[in-house]
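Here the structure is laid out as structure tokens; the discussion comes afterwards.
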Amino acid sequence: MKIVFNDKFYNSSYIKDGASAPGRMEAIMESIHNDSKYQIVRNGRAEYSDIIRVHESQYIDSVRNNQALYDMALLSAGGAIKASQIAMESEPAFACIRPPGHHAHPSSGWGYCSFCNMAIALKKLRDEGRITSAFILDFDAHGGDGTIDCLSDWKEAIVLNPMAEGRNEYVALVESFVKKLNYVDIIAVNAGFDTYEKDVGRKLASFDFYRIGYVLKMFSKKMEHHRRFAILEGGYYLPDLGKNVLSFCQGFE
Ligand SMILES: [Zn+2]
């Protein structure tokens with residue numbers, strides 16, 4: 001399994017918000033570095049031609065008013081693209097990126113999000129003729145309204161934002177939904193770790209991220225193409241963030 005990352009993501013000065021918090025990327029990458037089986041792959045920036053596929057030019061210009069944020073948002077989208085390309089070679093990938101993207105709409109963004117990293121990666125694959133369908137699981141505590149909006153014109157892109165009271169019901173819901181799915185060309189994950197029991201979502205235990213990753217791995221095996229990737233969204237409880245990402249990766253790999 002490959003971890004997509006760029007050292008520039010350590011820079012937390014591009015904006016002041018929860019996603020750019022100092023120590024957040026460090027918490028994740030420290031856990032990854034301590035586990036020698038993960039290979040780290042460096043990503044570059046997305047091109048303007050990738051972003052314009054999903055976002056309106058006026059909105060892109062408005063993000064560019066903050067050049068540091070714009071540069072980081074392009075790098076983040078580039079990480080999602082890289083992870084999706086690795087997945088196409090039947091190798092699982094996790095992109096440790098920021099800013100997140102699942103609250104970014106075609107002409108607006110909120111909740112720390114600028115560009116919709118997931119839609120940018122998937123629509124690039126689609127427009128290159130490499131996929132025609134996708135399943136997207138968003139397990140962030142907050143619904144991925146931006147992803148849904150950016151993919152609303154693509155009916156073969158199925159998005160699940162699970163809603164369940166307890167942790168076991170949550171994992172069971174993911175499992176039963178996936179079991180009913182027909183064939184899809186790729187499995188994609190908006191991995192938001194703020195669903196964690198000590199984070200704002202107050203729901204999942206660390207092991208539940210493993211369970212979710214495992215369900216998706218088995219689904220991709222059933223598809224026989226093994227194409228799956230995940231990109232970081234939320235997750236703000238830094239003491240356990242690295243452990244939770246690792247737990248997910250262990251189930252997913
Ligand atoms: Zn969130």
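Chain identifiers are assigned as A, B, and so on, following the order in which chains appear in the structure tokens; residues are numbered from 1 within each chain, and ligands are numbered from 1 in order of appearance.
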### Message
Which residues are near ligand 1 - at most 7 Å, using only C-alpha atoms and all ligand atoms? Format: as a PyMOL selection string.
### Response
chain A and resi 140-142+192+194+233-235
### Message
Env of Asn11 in chain A: 12 Å cut, atoms = only C-alpha atoms, seq-sep filter 6 positions within chain, self excluded. Answer as a list in words.
### Response
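Contacts, with the query itself left out: Ala19, Ser20, Ala21, Pro22, Gly23, Arg24, Met25, Glu26, Ala68, Leu69, Asp71, Met72, Leu75, Ile97, Arg98 and Pro99 of chain A.
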### Query
Near Leu137 in chain A, counting only C-alpha atoms, which residues have an atom at most 6 Å away, once you skip same-chain residues fewer than 6 positions from it, shown as a VMD selection string?
chain A and resid 159 to 160 189
Generate a file of the selected residues that holds C-alpha atoms, formatted as a PDB file, in the first residue's frame.
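Saved file result-v1.pdb follows:
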```pdb
ATOM      1  CA  VAL A 159     -22.001   8.344  -2.771  1.00  0.00           C
ATOM      2  CA  LEU A 160     -22.698   7.031   0.718  1.00  0.00           C
ATOM      3  CA  VAL A 189     -13.069   6.970   0.317  1.00  0.00           C
TER       4      VAL A 189
END
```
### Message
Taking 3 positions as the minimum chain separation for residues in the same chain, which residues sit within 6 Å of range 215-219 of chain A when counting only C-alpha atoms? Answer as a list in words.
### Response
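Answer for this query is Ile212, Lys222 and Phe252 of chain A.
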Now that the selection is made, can you save its residues with N, CA and C atoms as a PDB file, in the first residue's frame?
```pdb
ATOM      1  N   ILE A 212     -14.071  -0.737   8.669  1.00  0.00           N
ATOM      2  CA  ILE A 212     -14.575  -0.075   7.454  1.00  0.00           C
ATOM      3  C   ILE A 212     -13.592  -0.297   6.293  1.00  0.00           C
ATOM      4  N   LYS A 222     -13.902  -8.472  -4.562  1.00  0.00           N
ATOM      5  CA  LYS A 222     -15.054  -9.050  -5.250  1.00  0.00           C
ATOM      6  C   LYS A 222     -15.153  -8.494  -6.683  1.00  0.00           C
ATOM      7  N   PHE A 252      -7.625  -1.630   5.100  1.00  0.00           N
ATOM      8  CA  PHE A 252      -7.800  -1.279   3.700  1.00  0.00           C
ATOM      9  C   PHE A 252      -6.764  -1.931   2.797  1.00  0.00           C
TER      10      PHE A 252
END
```
Quick one: residues within 10 Å of Asn66 in chain A, only C-alpha atoms, excluding same-chain residues fewer than 4 positions away - as a compact mmCIF listing (two decimals) with N, CA and C atoms, in the first residue's frame?
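Generated file (out28.txt):
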```txt
# COMPACT_ATOMS: atom_id res chain seq x y z
N TYR A 14 -0.69 28.42 5.72
CA TYR A 14 -1.42 28.91 4.54
C TYR A 14 -2.77 29.50 4.89
N ILE A 15 -3.31 29.08 6.02
CA ILE A 15 -4.58 29.62 6.52
C ILE A 15 -4.68 29.17 7.98
N ASP A 61 -10.75 31.70 -9.27
CA ASP A 61 -10.09 33.01 -9.12
C ASP A 61 -10.21 33.53 -7.69
N SER A 62 -11.38 33.31 -7.07
CA SER A 62 -11.59 33.81 -5.71
C SER A 62 -10.70 33.06 -4.71
N TYR A 70 -4.27 28.83 -2.31
CA TYR A 70 -4.45 28.31 -3.67
C TYR A 70 -3.38 27.25 -3.98
N ASP A 71 -2.13 27.58 -3.67
CA ASP A 71 -1.03 26.64 -3.92
C ASP A 71 -1.25 25.34 -3.16
```
### Distance query Gly109 in chain A at most 12 Å, only C-alpha atoms, self and fewer than 5 positions along chain excluded, as number ranges by chain
A: 55-56, 59-60, 62-63, 73, 99-104, 114-117, 144-147, 149-150
Restrict the selected residues to C-alpha atoms and save them as a CSV table (one decimal), in the first residue's frame.
```csv
chain,number,residue,atom,x,y,z
A,55,HIS,CA,-15.1,24.2,-10.4
A,56,GLU,CA,-16.3,27.5,-12.1
A,59,TYR,CA,-14.7,30.6,-8.0
A,60,ILE,CA,-11.1,29.4,-8.8
A,62,SER,CA,-11.6,33.8,-5.7
A,63,VAL,CA,-9.6,31.0,-4.1
A,73,ALA,CA,-5.3,23.5,-2.5
A,99,PRO,CA,-7.0,21.3,2.8
A,100,PRO,CA,-9.8,18.8,2.7
A,101,GLY,CA,-12.4,18.9,-0.1
A,102,HIS,CA,-15.8,17.4,0.7
A,103,HIS,CA,-17.5,20.7,1.5
A,104,ALA,CA,-16.3,22.3,-1.8
A,114,SER,CA,-11.4,24.9,-1.2
A,115,PHE,CA,-11.5,22.4,-4.1
A,116,CYS,CA,-13.4,19.1,-4.2
A,117,ASN,CA,-10.4,16.8,-4.3
A,144,GLY,CA,-19.9,15.5,2.1
A,145,ASP,CA,-22.3,18.0,0.5
A,146,GLY,CA,-19.7,19.3,-1.8
A,147,THR,CA,-18.8,15.9,-3.2
A,149,ASP,CA,-23.0,18.4,-5.6
A,150,CYS,CA,-19.8,18.1,-7.7
```
### Message
Just checking: using only C-alpha atoms, which residue out of A:Ser133, A:Phe209, A:Leu125, A:Ile231 ends up closest to Ser76 in chain A?
### Response
A:Ile231
### Task
Return the single residue from A:Lys16, A:Lys2, A:Lys221, A:Lys198 that is closest to His33 in chain A, with distances computed using only C-alpha atoms.
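Using only C-alpha atoms, His33 in chain A sits closest to A:Lys2.
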Can you pull out every residue from range 30-246 of chain A that DSSP, working from the backbone, puts in helix (DSSP H, G or I), and format the result as a PDB file with C-alpha atoms, in the first residue's frame?
```pdb
ATOM      1  CA  GLU A  30       4.739   9.688  12.402  1.00  0.00           C
ATOM      2  CA  SER A  31       2.478   6.625  12.638  1.00  0.00           C
ATOM      3  CA  ILE A  32       3.091   5.851   8.972  1.00  0.00           C
ATOM      4  CA  HIS A  33       6.868   6.224   9.307  1.00  0.00           C
ATOM      5  CA  TYR A  48      -5.710  24.213 -13.712  1.00  0.00           C
ATOM      6  CA  SER A  49      -7.233  21.954 -16.374  1.00  0.00           C
ATOM      7  CA  ASP A  50      -7.998  19.400 -13.626  1.00  0.00           C
ATOM      8  CA  ILE A  51      -9.698  21.953 -11.369  1.00  0.00           C
ATOM      9  CA  SER A  57     -13.514  29.848 -13.160  1.00  0.00           C
ATOM     10  CA  GLN A  58     -14.795  32.749 -11.038  1.00  0.00           C
ATOM     11  CA  TYR A  59     -14.668  30.584  -7.953  1.00  0.00           C
ATOM     12  CA  ILE A  60     -11.141  29.359  -8.778  1.00  0.00           C
ATOM     13  CA  ASP A  61     -10.089  33.014  -9.120  1.00  0.00           C
ATOM     14  CA  SER A  62     -11.587  33.809  -5.710  1.00  0.00           C
ATOM     15  CA  VAL A  63      -9.556  31.018  -4.073  1.00  0.00           C
ATOM     16  CA  ARG A  64      -6.459  32.383  -5.826  1.00  0.00           C
ATOM     17  CA  GLN A  67      -2.036  32.590  -3.158  1.00  0.00           C
ATOM     18  CA  ALA A  68      -0.715  30.419  -0.311  1.00  0.00           C
ATOM     19  CA  LEU A  69      -4.092  28.718   0.100  1.00  0.00           C
ATOM     20  CA  TYR A  70      -4.447  28.305  -3.667  1.00  0.00           C
ATOM     21  CA  ASP A  71      -1.033  26.637  -3.925  1.00  0.00           C
ATOM     22  CA  MET A  72      -1.856  24.267  -1.076  1.00  0.00           C
ATOM     23  CA  ALA A  73      -5.319  23.482  -2.483  1.00  0.00           C
ATOM     24  CA  LEU A  74      -3.749  22.584  -5.862  1.00  0.00           C
ATOM     25  CA  LEU A  75      -1.239  20.370  -4.068  1.00  0.00           C
ATOM     26  CA  SER A  76      -4.057  18.702  -2.128  1.00  0.00           C
ATOM     27  CA  ALA A  77      -6.050  17.983  -5.304  1.00  0.00           C
ATOM     28  CA  GLY A  78      -2.807  16.673  -6.824  1.00  0.00           C
ATOM     29  CA  GLY A  79      -2.556  14.196  -3.945  1.00  0.00           C
ATOM     30  CA  ALA A  80      -6.060  12.905  -4.606  1.00  0.00           C
ATOM     31  CA  ILE A  81      -5.258  12.520  -8.309  1.00  0.00           C
ATOM     32  CA  LYS A  82      -2.048  10.626  -7.509  1.00  0.00           C
ATOM     33  CA  ALA A  83      -3.846   8.245  -5.127  1.00  0.00           C
ATOM     34  CA  SER A  84      -6.550   7.547  -7.715  1.00  0.00           C
ATOM     35  CA  GLN A  85      -3.908   6.786 -10.345  1.00  0.00           C
ATOM     36  CA  ILE A  86      -2.148   4.336  -8.021  1.00  0.00           C
ATOM     37  CA  ALA A  87      -5.508   2.663  -7.369  1.00  0.00           C
ATOM     38  CA  MET A  88      -5.940   2.175 -11.125  1.00  0.00           C
ATOM     39  CA  ASN A 117     -10.387  16.788  -4.277  1.00  0.00           C
ATOM     40  CA  MET A 118     -12.454  13.622  -4.740  1.00  0.00           C
ATOM     41  CA  ALA A 119     -14.558  14.892  -7.646  1.00  0.00           C
ATOM     42  CA  ILE A 120     -11.441  16.296  -9.333  1.00  0.00           C
ATOM     43  CA  ALA A 121      -9.650  12.925  -9.136  1.00  0.00           C
ATOM     44  CA  LEU A 122     -12.621  10.820 -10.232  1.00  0.00           C
ATOM     45  CA  LYS A 123     -13.773  13.073 -13.074  1.00  0.00           C
ATOM     46  CA  LYS A 124     -10.230  13.142 -14.433  1.00  0.00           C
ATOM     47  CA  LEU A 125     -10.233   9.329 -14.614  1.00  0.00           C
ATOM     48  CA  ARG A 126     -13.685   9.386 -16.176  1.00  0.00           C
ATOM     49  CA  ASP A 127     -12.790  12.000 -18.788  1.00  0.00           C
ATOM     50  CA  ASP A 145     -22.334  17.993   0.549  1.00  0.00           C
ATOM     51  CA  GLY A 146     -19.686  19.315  -1.828  1.00  0.00           C
ATOM     52  CA  THR A 147     -18.777  15.899  -3.225  1.00  0.00           C
ATOM     53  CA  ILE A 148     -22.450  15.090  -3.790  1.00  0.00           C
ATOM     54  CA  ASP A 149     -22.966  18.398  -5.578  1.00  0.00           C
ATOM     55  CA  CYS A 150     -19.829  18.100  -7.723  1.00  0.00           C
ATOM     56  CA  ARG A 167     -20.747   2.447  16.149  1.00  0.00           C
ATOM     57  CA  ASN A 168     -21.827  -1.108  15.370  1.00  0.00           C
ATOM     58  CA  GLU A 169     -24.881   0.107  13.464  1.00  0.00           C
ATOM     59  CA  TYR A 170     -22.615   2.462  11.523  1.00  0.00           C
ATOM     60  CA  VAL A 171     -20.234  -0.272  10.379  1.00  0.00           C
ATOM     61  CA  ALA A 172     -23.154  -2.633   9.699  1.00  0.00           C
ATOM     62  CA  LEU A 173     -24.789   0.020   7.529  1.00  0.00           C
ATOM     63  CA  VAL A 174     -21.621   0.403   5.445  1.00  0.00           C
ATOM     64  CA  GLU A 175     -21.372  -3.366   5.084  1.00  0.00           C
ATOM     65  CA  SER A 176     -24.995  -3.893   4.053  1.00  0.00           C
ATOM     66  CA  PHE A 177     -24.904  -0.986   1.582  1.00  0.00           C
ATOM     67  CA  VAL A 178     -21.755  -2.295  -0.067  1.00  0.00           C
ATOM     68  CA  LYS A 179     -23.164  -5.840  -0.277  1.00  0.00           C
ATOM     69  CA  PHE A 193     -11.497  10.740  11.256  1.00  0.00           C
ATOM     70  CA  ASP A 194     -13.646  13.220  13.168  1.00  0.00           C
ATOM     71  CA  THR A 195     -16.222  10.404  13.496  1.00  0.00           C
ATOM     72  CA  SER A 206     -10.208   3.177  16.534  1.00  0.00           C
ATOM     73  CA  PHE A 207     -10.851  -0.440  15.489  1.00  0.00           C
ATOM     74  CA  ASP A 208     -13.969   0.609  13.566  1.00  0.00           C
ATOM     75  CA  PHE A 209     -11.777   2.387  11.014  1.00  0.00           C
ATOM     76  CA  TYR A 210     -10.036  -0.950  10.465  1.00  0.00           C
ATOM     77  CA  ARG A 211     -13.421  -2.646  10.027  1.00  0.00           C
ATOM     78  CA  ILE A 212     -14.575  -0.075   7.454  1.00  0.00           C
ATOM     79  CA  GLY A 213     -11.293  -0.353   5.551  1.00  0.00           C
ATOM     80  CA  TYR A 214     -11.619  -4.121   5.534  1.00  0.00           C
ATOM     81  CA  VAL A 215     -15.192  -4.054   4.173  1.00  0.00           C
ATOM     82  CA  LEU A 216     -13.987  -1.898   1.266  1.00  0.00           C
ATOM     83  CA  LYS A 217     -10.970  -4.071   0.618  1.00  0.00           C
ATOM     84  CA  MET A 218     -13.182  -7.158   0.377  1.00  0.00           C
ATOM     85  CA  PHE A 219     -15.551  -5.297  -1.937  1.00  0.00           C
ATOM     86  CA  SER A 220     -12.676  -4.367  -4.249  1.00  0.00           C
ATOM     87  CA  LYS A 221     -11.546  -8.017  -4.249  1.00  0.00           C
ATOM     88  CA  LYS A 222     -15.054  -9.050  -5.250  1.00  0.00           C
ATOM     89  CA  MET A 223     -14.817  -6.594  -8.173  1.00  0.00           C
ATOM     90  CA  LEU A 238      -4.503  14.816  17.339  1.00  0.00           C
ATOM     91  CA  PRO A 239      -3.431  12.425  20.155  1.00  0.00           C
ATOM     92  CA  ASP A 240      -5.102   9.480  18.366  1.00  0.00           C
ATOM     93  CA  LEU A 241      -5.258  10.691  14.749  1.00  0.00           C
ATOM     94  CA  GLY A 242      -2.168   8.769  13.641  1.00  0.00           C
ATOM     95  CA  LYS A 243      -3.385   5.601  15.308  1.00  0.00           C
ATOM     96  CA  ASN A 244      -6.790   5.906  13.616  1.00  0.00           C
ATOM     97  CA  VAL A 245      -5.341   6.491  10.144  1.00  0.00           C
ATOM     98  CA  LEU A 246      -3.076   3.491  10.626  1.00  0.00           C
TER      99      LEU A 246
END
```
### Query
What is the distance, in Å and to one decimal place, between CA of Glu89 in chain A and CA of Arg227 in chain A?
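Result for CA of Glu89 in chain A versus CA of Arg227 in chain A: 7.2 Å, one decimal.
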Select from range 116-196 of chain A everything DSSP, run on the backbone, classes as strand (DSSP E or B), then give the selection as a short mmCIF file (atom, residue, chain, number, x, y, z; two decimals) with C-alpha atoms, in the first residue's frame.
```cif
data_model
loop_
_atom_site.label_atom_id
_atom_site.label_comp_id
_atom_site.auth_asym_id
_atom_site.auth_seq_id
_atom_site.Cartn_x
_atom_site.Cartn_y
_atom_site.Cartn_z
CA ALA A 134 -17.43 4.75 -8.90
CA PHE A 135 -18.51 4.12 -5.34
CA ILE A 136 -17.58 6.81 -2.82
CA LEU A 137 -17.83 6.23 0.92
CA ASP A 138 -17.56 9.36 3.07
CA ALA A 157 -21.02 7.79 -9.17
CA ILE A 158 -22.71 6.46 -6.02
CA VAL A 159 -22.00 8.34 -2.77
CA LEU A 160 -22.70 7.03 0.72
CA ILE A 187 -13.85 2.42 -4.80
CA ALA A 188 -13.02 5.80 -3.28
CA VAL A 189 -13.07 6.97 0.32
CA ASN A 190 -13.44 10.40 1.89
CA ALA A 191 -11.64 9.43 5.10
CA TYR A 196 -13.87 9.11 16.21
#
```
### Task
Could you tell me how far CA of Val41 in chain A lies from CA of Ile28 in chain A, in Å and to one decimal?
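Separating CA of Val41 in chain A from CA of Ile28 in chain A is a distance of 14.8 Å.
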#### Entry: From A:Ser13, A:Asn182, A:Asn43, A:Asn34, residue lying nearest Phe94 in chain A [only C-alpha atoms]
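Residue with the minimum atom-to-atom distance to Phe94 in chain A: A:Asn43.
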### Task
Work out how far apart CA of Tyr183 in chain A and CA of Arg130 in chain A are and give it in Å to one decimal.
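So the two atoms, CA of Tyr183 in chain A and CA of Arg130 in chain A, lie 14.9 Å apart.
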### Summary
Counting only C-alpha atoms, the residue among A:Cys113, A:Leu151, A:Cys96, A:Ala230 that lies closest to Phe139 in chain A is A:Ala230
### Message
Ranking A:Gly129, A:Gly201, A:Gly143, A:Gly111 by minimum distance to Asp185 in chain A and counting only C-alpha atoms, which one comes first?
### Response
A:Gly129
#### Entry: Nearest to Glu224 in chain A by atom-to-atom distance, counting only C-alpha atoms, from A:Ser90, A:Ser12, A:Asn6, A:Ser108
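Smallest separation from Glu224 in chain A among the options: A:Ser90.
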